[in-house]
Every structure is written in structure tokens, then in C-alpha cells.
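**Student:** Here you go, structure_10.txt (compact mmCIF, C-alpha atoms):
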```txt
# COMPACT_ATOMS: atom_id res chain seq x y z
CA MET A 1 66.08 24.41 210.19
CA ARG A 2 69.63 23.41 211.12
CA ARG A 3 68.86 19.71 210.79
CA LYS A 4 67.34 20.30 207.37
CA SER A 5 70.36 22.26 206.18
CA LEU A 6 72.70 19.50 207.39
CA GLY A 7 70.70 16.85 205.60
CA ARG A 8 70.29 18.77 202.36
CA PRO A 9 73.60 17.66 200.74
CA TYR A 10 72.75 14.03 201.40
CA LEU A 11 69.28 14.52 199.96
CA THR A 12 70.82 16.09 196.88
CA ILE A 13 73.11 13.11 196.40
CA VAL A 14 70.21 10.68 196.82
CA GLU A 15 68.13 12.66 194.31
CA GLU A 16 70.96 12.60 191.78
CA LEU A 17 71.44 8.87 192.27
CA ILE A 18 67.74 8.26 191.70
CA LYS A 19 67.87 10.36 188.52
CA PHE A 20 70.93 8.42 187.38
CA VAL A 21 69.26 5.03 187.92
CA LEU A 22 66.07 6.15 186.16
CA SER A 23 68.03 7.55 183.23
CA ILE A 24 69.98 4.32 182.81
CA PHE A 25 66.77 2.30 183.06
CA LEU A 26 65.02 4.37 180.37
CA LEU A 27 68.12 4.19 178.17
CA SER A 28 68.23 0.41 178.52
CA VAL A 29 64.55 0.11 177.53
CA LEU A 30 65.05 2.36 174.52
CA VAL A 31 68.19 0.64 173.24
CA PHE A 32 66.77 -2.83 173.88
CA THR A 33 63.57 -2.09 171.98
CA LEU A 34 65.11 -0.26 169.02
CA SER A 35 67.88 -2.83 168.53
CA ARG A 36 65.34 -5.64 168.23
CA LEU A 37 63.07 -3.67 165.92
CA ALA A 38 65.96 -2.83 163.60
CA PRO A 39 66.27 -4.89 160.39
CA GLY A 40 68.74 -7.76 160.38
CA ASP A 41 69.18 -11.24 161.76
CA PRO A 42 71.36 -11.76 164.86
CA LEU A 43 71.91 -15.38 163.86
CA TYR A 44 74.44 -14.16 161.29
CA ALA A 45 76.49 -12.64 164.11
CA TYR A 46 76.55 -15.97 165.96
CA TYR A 47 76.70 -18.54 163.15
CA GLY A 48 78.00 -16.50 160.23
CA ASP A 49 77.34 -17.78 156.73
CA ARG A 50 76.27 -21.15 158.13
CA VAL A 51 72.81 -19.67 158.63
CA GLU A 52 72.17 -19.91 154.88
CA LYS A 53 72.72 -23.68 155.03
CA MET A 54 70.34 -24.15 157.97
CA SER A 55 66.83 -25.36 157.52
CA MET A 56 63.92 -23.39 158.93
CA GLU A 57 63.63 -25.82 161.85
CA GLU A 58 67.32 -25.43 162.67
CA GLN A 59 67.02 -21.64 162.57
CA GLU A 60 64.04 -21.70 164.90
CA THR A 61 65.94 -23.97 167.30
CA ALA A 62 68.94 -21.62 167.19
CA ARG A 63 66.75 -18.60 167.95
CA GLU A 64 65.13 -20.45 170.82
CA ARG A 65 68.55 -21.35 172.19
CA LEU A 66 69.58 -17.67 172.09
CA GLY A 67 66.30 -16.55 173.65
CA LEU A 68 65.09 -14.64 170.60
CA GLN A 69 61.71 -16.33 170.23
CA GLU A 70 59.88 -14.57 173.06
CA SER A 71 58.29 -11.14 172.81
CA ILE A 72 60.43 -8.06 173.40
CA PRO A 73 59.03 -7.37 176.93
CA VAL A 74 59.76 -10.97 177.99
CA GLN A 75 63.27 -10.77 176.56
CA TYR A 76 63.90 -7.49 178.38
CA VAL A 77 62.70 -8.82 181.74
CA ARG A 78 65.00 -11.81 181.37
CA TRP A 79 67.93 -9.57 180.39
CA ILE A 80 67.39 -7.08 183.23
CA LYS A 81 67.24 -9.91 185.77
CA GLY A 82 70.60 -11.18 184.59
CA ALA A 83 72.06 -7.65 184.44
CA VAL A 84 71.15 -7.02 188.07
CA ARG A 85 73.17 -10.12 188.98
CA GLY A 86 76.07 -8.95 186.80
CA ASP A 87 75.30 -11.39 183.98
CA PHE A 88 75.01 -9.48 180.69
CA GLY A 89 75.09 -12.56 178.47
CA ILE A 90 77.53 -13.55 175.79
CA SER A 91 78.57 -11.72 172.66
CA TYR A 92 77.08 -13.35 169.58
CA GLN A 93 80.07 -12.40 167.47
CA TYR A 94 82.94 -13.15 169.85
CA LYS A 95 81.32 -16.16 171.61
CA ARG A 96 82.58 -14.84 174.96
CA ASP A 97 81.15 -13.12 177.98
CA VAL A 98 80.33 -9.49 177.19
CA LYS A 99 82.27 -8.24 180.20
CA GLU A 100 85.42 -9.99 179.00
CA VAL A 101 85.10 -8.52 175.51
CA ILE A 102 84.66 -4.99 176.84
CA ALA A 103 87.40 -5.34 179.46
CA GLY A 104 89.88 -6.12 176.69
CA ARG A 105 88.99 -2.93 174.79
CA LEU A 106 88.12 -0.41 177.51
CA GLY A 107 91.75 0.36 178.38
CA ASN A 108 92.55 1.36 174.78
CA THR A 109 89.60 3.76 174.63
CA LEU A 110 90.44 5.30 178.00
CA LEU A 111 94.04 5.76 176.89
CA LEU A 112 93.08 7.46 173.64
CA GLY A 113 90.23 9.50 175.11
CA GLY A 114 92.12 10.36 178.31
CA LEU A 115 95.18 11.65 176.48
CA GLY A 116 92.95 13.56 174.09
CA PHE A 117 91.07 15.14 176.98
CA ILE A 118 94.27 16.26 178.75
CA ILE A 119 95.78 17.72 175.58
CA ILE A 120 92.54 19.53 174.70
CA PHE A 121 92.18 20.82 178.27
CA VAL A 122 95.69 22.34 178.28
CA LEU A 123 95.81 23.59 174.69
CA ALA A 124 92.31 25.11 174.80
CA LEU A 125 93.25 27.14 177.86
CA PHE A 126 96.53 28.22 176.27
CA LEU A 127 94.93 29.18 172.94
CA GLY A 128 92.10 30.99 174.70
CA LEU A 129 94.57 33.08 176.69
CA PHE A 130 96.72 33.68 173.61
CA CYS A 131 93.78 34.97 171.55
CA ALA A 132 92.24 36.98 174.40
CA ARG A 133 95.50 38.89 174.93
CA ARG A 134 95.65 39.69 171.22
CA GLU A 135 92.01 40.42 170.49
CA ASP A 136 91.43 41.52 166.89
CA GLN A 137 95.15 41.46 166.16
CA ARG A 138 96.64 39.52 163.26
CA ALA A 139 97.67 36.57 165.45
CA ASP A 140 94.15 36.33 166.88
CA ARG A 141 92.55 36.41 163.45
CA VAL A 142 94.94 33.77 162.08
CA VAL A 143 94.39 31.39 164.98
CA CYS A 144 90.62 31.91 164.81
CA GLY A 145 90.61 31.22 161.09
CA ILE A 146 92.69 28.06 161.36
CA GLY A 147 90.66 26.86 164.33
CA THR A 148 87.36 27.43 162.55
CA LEU A 149 88.66 25.58 159.48
CA THR A 150 89.83 22.53 161.44
CA SER A 151 86.63 22.36 163.46
CA CYS A 152 84.55 22.24 160.26
CA ILE A 153 86.38 19.22 158.85
CA PRO A 154 84.47 15.96 159.53
CA ASP A 155 86.42 13.55 161.72
CA PHE A 156 86.10 10.61 159.32
CA TRP A 157 87.36 12.69 156.37
CA LEU A 158 90.29 14.04 158.40
CA SER A 159 91.13 10.48 159.48
CA LEU A 160 91.22 9.27 155.88
CA LEU A 161 93.34 12.26 154.86
CA LEU A 162 95.91 11.61 157.60
CA ILE A 163 96.07 7.93 156.68
CA LEU A 164 96.61 8.82 153.03
CA VAL A 165 99.40 11.32 153.75
CA PHE A 166 101.30 9.82 156.68
CA SER A 167 100.65 6.10 156.17
CA VAL A 168 100.31 5.62 152.40
CA TRP A 169 102.42 8.37 150.86
CA LEU A 170 105.08 9.11 153.47
CA ARG A 171 104.91 5.79 155.36
CA TRP A 172 105.92 7.50 158.59
CA LEU A 173 103.15 6.27 160.84
CA PRO A 174 100.91 3.18 161.03
CA GLY A 175 97.35 3.71 159.87
CA SER A 176 95.54 1.03 161.88
CA GLY A 177 95.61 -0.92 165.10
CA ALA A 178 96.83 -0.10 168.59
CA TYR A 179 100.20 -1.86 168.27
CA SER A 180 102.19 -3.98 165.86
CA VAL A 181 102.11 -7.76 165.94
CA GLY A 182 104.24 -8.98 168.84
CA ALA A 183 104.85 -5.45 170.18
CA GLU A 184 101.96 -5.16 172.60
CA GLY A 185 104.25 -4.24 175.50
CA SER A 186 106.29 -1.63 173.58
CA LEU A 187 105.43 1.91 174.67
CA ALA A 188 107.19 3.40 171.65
CA ASP A 189 105.16 1.26 169.25
CA ARG A 190 101.90 2.10 171.04
CA GLY A 191 102.83 5.78 170.90
CA ARG A 192 103.36 5.63 167.13
CA HIS A 193 99.94 4.01 166.67
CA LEU A 194 98.32 6.67 168.85
CA ILE A 195 99.61 9.71 166.94
CA LEU A 196 97.11 9.74 164.07
CA PRO A 197 93.88 8.87 165.95
CA LEU A 198 94.90 11.20 168.78
CA SER A 199 95.43 14.01 166.26
CA VAL A 200 91.90 13.49 164.94
CA VAL A 201 90.40 13.55 168.44
CA VAL A 202 92.28 16.72 169.40
CA LEU A 203 91.72 18.64 166.17
CA GLY A 204 88.03 17.74 166.15
CA HIS A 205 87.38 19.30 169.58
CA LEU A 206 90.18 21.72 170.39
CA TRP A 207 88.99 24.93 168.81
CA TYR A 208 85.44 24.62 170.12
CA TYR A 209 86.64 24.78 173.72
CA ALA A 210 89.44 27.24 172.99
CA TYR A 211 86.90 29.60 171.43
CA LEU A 212 84.70 29.32 174.51
CA VAL A 213 87.66 30.16 176.74
CA ARG A 214 88.56 33.13 174.54
CA ASN A 215 85.04 34.57 174.66
CA ARG A 216 84.71 33.96 178.40
CA LEU A 217 87.97 35.79 179.06
CA LEU A 218 86.94 38.67 176.82
CA GLU A 219 83.70 38.99 178.78
CA GLU A 220 85.73 39.25 181.97
CA THR A 221 88.04 41.89 180.51
CA ARG A 222 85.02 44.14 179.95
CA ALA A 223 83.82 43.88 183.55
CA ASP A 224 83.91 46.88 185.90
CA TYR A 225 86.54 45.40 188.21
CA VAL A 226 89.01 45.29 185.31
CA LEU A 227 88.73 49.06 184.85
CA LEU A 228 89.32 49.51 188.57
CA ALA A 229 92.37 47.24 188.47
CA ARG A 230 93.82 49.14 185.52
CA MET A 231 93.32 52.41 187.37
CA LYS A 232 95.36 50.97 190.24
CA GLY A 233 98.29 50.49 187.87
CA LEU A 234 98.02 46.81 186.95
CA SER A 235 99.02 45.93 183.41
CA GLY A 236 96.69 44.18 181.01
CA LYS A 237 98.67 40.94 181.36
CA GLN A 238 98.45 41.05 185.15
CA VAL A 239 94.71 41.70 185.08
CA LEU A 240 94.16 38.88 182.61
CA TYR A 241 96.10 36.27 184.57
CA ARG A 242 95.38 37.36 188.15
CA HIS A 243 91.71 38.30 187.89
CA CYS A 244 90.05 37.38 184.59
CA LEU A 245 91.51 33.89 184.39
CA ARG A 246 90.67 33.18 188.03
CA ASN A 247 87.03 34.19 187.50
CA ALA A 248 86.76 32.23 184.25
CA LEU A 249 88.30 29.01 185.59
CA PRO A 250 85.19 27.73 187.46
CA SER A 251 83.03 27.80 184.35
CA TYR A 252 85.88 26.30 182.30
CA LEU A 253 86.37 23.42 184.73
CA SER A 254 82.66 22.63 184.80
CA MET A 255 82.56 22.83 181.02
CA MET A 256 85.44 20.37 180.72
CA ALA A 257 83.72 18.01 183.16
CA ILE A 258 80.80 17.90 180.74
CA ALA A 259 83.23 17.63 177.82
CA PHE A 260 84.94 14.46 179.07
CA PRO A 261 82.25 12.02 177.89
CA HIS A 262 81.82 14.11 174.74
CA ILE A 263 85.52 13.84 173.89
CA LEU A 264 85.61 10.19 174.90
CA GLY A 265 82.63 9.54 172.63
CA GLY A 266 84.41 11.43 169.86
CA THR A 267 87.08 8.74 169.85
CA TYR A 268 84.53 6.29 168.43
CA VAL A 269 84.82 7.72 164.93
CA ALA A 270 88.62 7.68 165.04
CA GLU A 271 88.63 4.13 166.39
CA THR A 272 86.38 2.92 163.59
CA VAL A 273 88.38 4.52 160.78
CA PHE A 274 91.79 3.56 162.20
CA SER A 275 90.60 0.05 163.22
CA TYR A 276 91.70 0.90 166.74
CA PRO A 277 90.57 -1.86 169.12
CA GLY A 278 88.43 0.13 171.53
CA ILE A 279 84.84 0.62 172.63
CA GLY A 280 84.09 2.60 169.47
CA THR A 281 84.84 -0.33 167.19
CA LEU A 282 82.78 -2.59 169.46
CA ALA A 283 79.85 -0.18 169.22
CA TYR A 284 80.06 -0.19 165.42
CA GLU A 285 80.41 -3.97 165.18
CA SER A 286 77.64 -4.70 167.68
CA ALA A 287 75.21 -2.43 165.83
CA ARG A 288 76.20 -3.79 162.43
CA TYR A 289 75.90 -7.47 163.35
CA GLN A 290 72.93 -7.20 165.74
CA ASP A 291 75.07 -8.34 168.66
CA TYR A 292 72.35 -7.39 171.14
CA ASN A 293 74.07 -8.15 174.43
CA LEU A 294 77.26 -6.35 173.47
CA LEU A 295 75.33 -3.38 172.08
CA MET A 296 73.36 -3.02 175.31
CA VAL A 297 76.43 -2.88 177.54
CA VAL A 298 78.33 -0.53 175.23
CA SER A 299 75.34 1.83 175.02
CA LEU A 300 74.79 1.80 178.79
CA LEU A 301 78.49 2.34 179.43
CA THR A 302 78.56 5.34 177.10
CA GLY A 303 75.33 6.73 178.53
CA SER A 304 76.66 6.34 182.08
CA MET A 305 79.74 8.36 181.20
CA VAL A 306 77.62 11.17 179.77
CA ILE A 307 75.30 11.27 182.79
CA LEU A 308 78.16 11.06 185.29
CA GLY A 309 80.01 13.82 183.43
CA ASN A 310 77.00 16.12 183.74
CA LEU A 311 76.62 15.23 187.41
CA ALA A 312 80.32 15.89 188.07
CA ALA A 313 80.05 19.25 186.33
CA LYS A 314 77.07 20.21 188.47
CA LEU A 315 78.77 19.23 191.73
CA LEU A 316 82.05 20.82 190.67
CA ASN A 317 80.35 24.06 189.79
CA GLY A 318 78.78 24.27 193.23
CA ARG A 319 82.09 23.53 194.94
CA ILE A 320 84.44 25.90 193.15
CA ASP A 321 82.07 28.78 192.36
CA PRO A 322 80.85 30.57 195.52
CA ARG A 323 78.38 32.59 193.46
CA MET A 324 76.63 29.38 192.42
CA ARG A 325 76.29 28.27 196.04
CA LEU A 326 74.90 31.67 197.05
CA LYS A 327 72.37 31.65 194.23
CA THR A 328 71.33 28.08 195.02
CA GLY A 329 71.03 28.82 198.74
CA ALA A 330 69.00 31.97 198.15
CA PHE A 331 66.68 30.14 195.79
CA LYS A 332 66.08 27.32 198.28
CA GLU A 333 65.43 29.73 201.16
CA GLU A 334 62.91 31.60 199.01
CA ALA A 335 61.25 28.30 198.08
CA GLU A 336 61.04 27.26 201.74
CA ARG A 337 59.39 30.55 202.69
CA TRP A 338 56.76 30.00 200.01
```
As a first step, turn the structure in this file into C-alpha cells.

**Tutor:**
Amino acid sequence: MRRKSLGRPYLTIVEELIKFVLSIFLLSVLVFTLSRLAPGDPLYAYYGDRVEKMSMEEQETARERLGLQESIPVQYVRWIKGAVRGDFGISYQYKRDVKEVIAGRLGNTLLLGGLGFIIIFVLALFLGLFCARREDQRADRVVCGIGTLTSCIPDFWLSLLLILVFSVWLRWLPGSGAYSVGAEGSLADRGRHLILPLSVVVLGHLWYYAYLVRNRLLEETRADYVLLARMKGLSGKQVLYRHCLRNALPSYLSMMAIAFPHILGGTYVAETVFSYPGIGTLAYESARYQDYNLLMVVSLLTGSMVILGNLAAKLLNGRIDPRMRLKTGAFKEEAERW
């Protein structure tokens, strides 16, 4: 029994890795098949308007050169063989290796999504504590009302509104791009370009997580141990910060681990509207122009982030929450007895 218990964590890791590989494989099959069944001609992504001047023989030769003549299963087998070797093909639109195209954009998305995640993580915790301390008071109702209103506004509409106000009318902030021409190395210029898309990312997700924190803390304040702590003379503020917050943090941390790919994916809308050169704009362009190789890698990259976020949340929950480990251990012991 001792050997089994020592090997169980490693078995769990192997099981999760197998699930991850299978999930990515199924995602690749789905994206590959649907992208090729979708209407449109990928030759336009590679040759542009020159396709209209090509004869039928020239178009067939071009498709054969790009490997688009074979059946979908044959194309997938050829693609997966190259992907295993690290060769994902070239982008039809950019005429460059897919990895080079994504490498030039990934940093911008991680910067926007990473900053958004940190700001949401801190502000959601702060707002949740603020509202929980003032339950049903005027401040709580005002914050809940404003938060509900902002969370109901579509991201694309909010993006257009911010561009109209701060870029067109007031001309305070740039409404597109990640930096001005010739100012790629200027932190101040990059910061000015980040303000509007970052505001959309934060406002689109902040209240959802703040509301979850508020409700989780309110559940803790109604627990029996809170009544016992109050009877011992602790103030409501002390109970909230010393006990309720400590018990709510594990679930909040695991929730934010799941939220990271969600927030990072939420940057795609902001990137598209603000013409921000990131993975989101690549996803839109690759789907629009049938840039199959680029679309595959972007989809797998996004799917990997979602799966890894869920896996990190699961492992984090087991590490920081002793109750989860006890429940899991009791369940496995009961299963072994059966």
C-alpha cells in the first residue's frame, strides 16, 4: 500500500498528460476538418487578387503546390507529421513560417492579457472585500449596480465607445496599434496604446470575479465559526480578514487559475477592434482568409492555454486546500476497498 501511495502522484501527472495530449489531438482534428469545410478559397490568402487572373490550370497547379488537392485525411496526416517535427508550415497570408509570425505577436498578447489578469485579480479581491463588509448598504448597492452594468456591455461596443470618446473627440489616447511609428522601444508610448484595450479587458471581466468573491465571503460570514469568533470578542473586520478571507482564498486562487486563459482569450476582441498586433488579430485574419496553417497553430495555442489553466487550477486546489486532499484521499481509499 505504501508503494502505491508513493506512486499515486506520478500516476496522476501521467494521466493528466495523457488527457492533455488527447484533448489537443481531438482539437486539431476538429479545427483542421472544419476549416477546410468552411466556404472560401485559401488561394486568395496566398496570391491575393491575382487568383482572378489565373486560368483553371494555373489554379490547380497552385493548389497542388500548397498541398490542397488531396483529401482532408491525407492533408491532416501530412500536417501532423510535420507538426511532430516542429514544422507547422508557412502562413499563406504572410509568406513566412507560422512560428515566426506567431512569435512576433505572442509577446503583445501576453503583455495585454497578463496586465489585465493582474489588475483583475487585485481589483476583484478588493471589490469583493469592500462589498462584503458593507452588505446591503448604499455603497454595496452602488458598486453592484455599476458592476452589473459594465459587465452587460459587449466588449466590441465598449471598445468602439472608448475609441470615439478618447481618440476621436478628446484625442487623448491612440485608438489603434501597439506603438507609434518609430517608437517601438518607448515604454511611455506603449503604455498609452495599452490604456484603452486594457480598460476593455478589465471592465469586461472584473465584476464577474468580484461578485464571486463577494458571495464567497458572505457565505463564510454566515458559518458557525464566525459566530464563535464574534463571541470571543473579535470585530467583524478582524473576522473577515483573519478567518473568512483565509478560507475563501483557496477557491479564489483556483478560480483565477481557470480564469487566466479566459481573460487572455478575452483580449482577442479588444485586439481586433483596436488593431492591436497580437494573437487575437492573427486568429481573426487566419479565419477570414482561410490561412489554414496559421489558424491551426493559433487554435491549438489557445486550446492549450485553456486546458493547462484547468489543470493548474486542479493541482493548485489540491495543494492549498487541505479539505480537498482529505476528500480526494477518502474517496480513493473507499474505491480501493471496493

**Student:** Hey, what's within 9 Å of range 222-226 of chain A if we count all atoms listed in the file and toss same-chain stuff fewer than 3 positions away? As a PyMOL selection string, please?

**Tutor:** chain A and resi 217-219+229-231+236+239-240+243-244

**Student:** Between CA of Gly86 in chain A and CA of Phe20 in chain A, measure the distance and give it in Å to one decimal.

**Tutor:**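 Atom-to-atom, CA of Gly86 in chain A and CA of Phe20 in chain A are spaced 18.1 Å apart.
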
**Student:** Choose the residue, out of A:Val142, A:Leu125, A:Leu253, A:Met54, that has the smallest atom-to-atom separation from Asn215 in chain A; count all atoms listed in the file.

**Tutor:**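 Once distances to Asn215 in chain A are computed over all atoms listed in the file, the minimum belongs to A:Leu125.
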
**Student:** Report, in Å with one decimal, the straight-line distance from CA of Val306 in chain A to CA of Tyr94 in chain A.

**Tutor:**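 One can read the CA of Val306 in chain A to CA of Tyr94 in chain A distance as 26.8 Å.
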
**Student:** Write out as an NGL selection string which residues come within 12 Å of Leu311 in chain A when counting all atoms listed in the file, dropping same-chain ones fewer than 5 positions away.

**Tutor:** :A and (12-13 or 15-17 or 19-20 or 254-255 or 257-261 or 304-306 or 316-318)

**Student:** Set the distance at 12 Å and use all atoms listed in the file: which residues neighbour range 168-173 of chain A once local chain neighbours fewer than 4 positions away are removed? I'd like the list as a list of chain:residue names.

**Tutor:**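 Listed by chain and then number, they are A:Leu160, A:Leu161, A:Leu162, A:Ile163, A:Leu164, A:Gly177, A:Ala178, A:Tyr179, A:Ser180, A:Ala188, A:Asp189, A:Arg190, A:Gly191, A:Arg192, A:His193, A:Leu194, A:Ile195, A:Leu196, A:Pro197, A:Phe274.
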
**Student:** Between CA of Gly82 in chain A and CA of Gln59 in chain A, what is the spacing in Å?

**Tutor:**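 Separation of CA of Gln59 in chain A and CA of Gly82 in chain A: 24.6 Å.
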
**Student:** Of the candidates A:Arg214, A:Lys232, A:His262, A:Arg246, which one gets nearest to Leu129 in chain A if we count all atoms listed in the file?

**Tutor:**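 Among A:Arg214, A:Lys232, A:His262, A:Arg246, it is A:Arg214 that comes nearest to Leu129 in chain A.
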
**Student:** Nearest residue to Ser35 in chain A out of A:Tyr76, A:Glu70, A:Ala124, A:Glu58, using all atoms listed in the file?

**Tutor:**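 Among A:Tyr76, A:Glu70, A:Ala124, A:Glu58, it is A:Tyr76 that comes nearest to Ser35 in chain A.
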
**Student:** Hey, what's within 8 Å of Gln290 in chain A if we count all atoms listed in the file and toss same-chain stuff fewer than 6 positions away? As a list in words, please?

**Tutor:**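 Returned residues: Ser35, Gly40, Asp41, Pro42 and Ala45 of chain A.
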
**Student:** For Leu110 in chain A, work out the shell of residues within 10 Å, counting all atoms listed in the file and skipping chain neighbours fewer than 6 positions away, then give it as a PyMOL selection string.

**Tutor:** chain A and resi 116-117+264+267+278-279
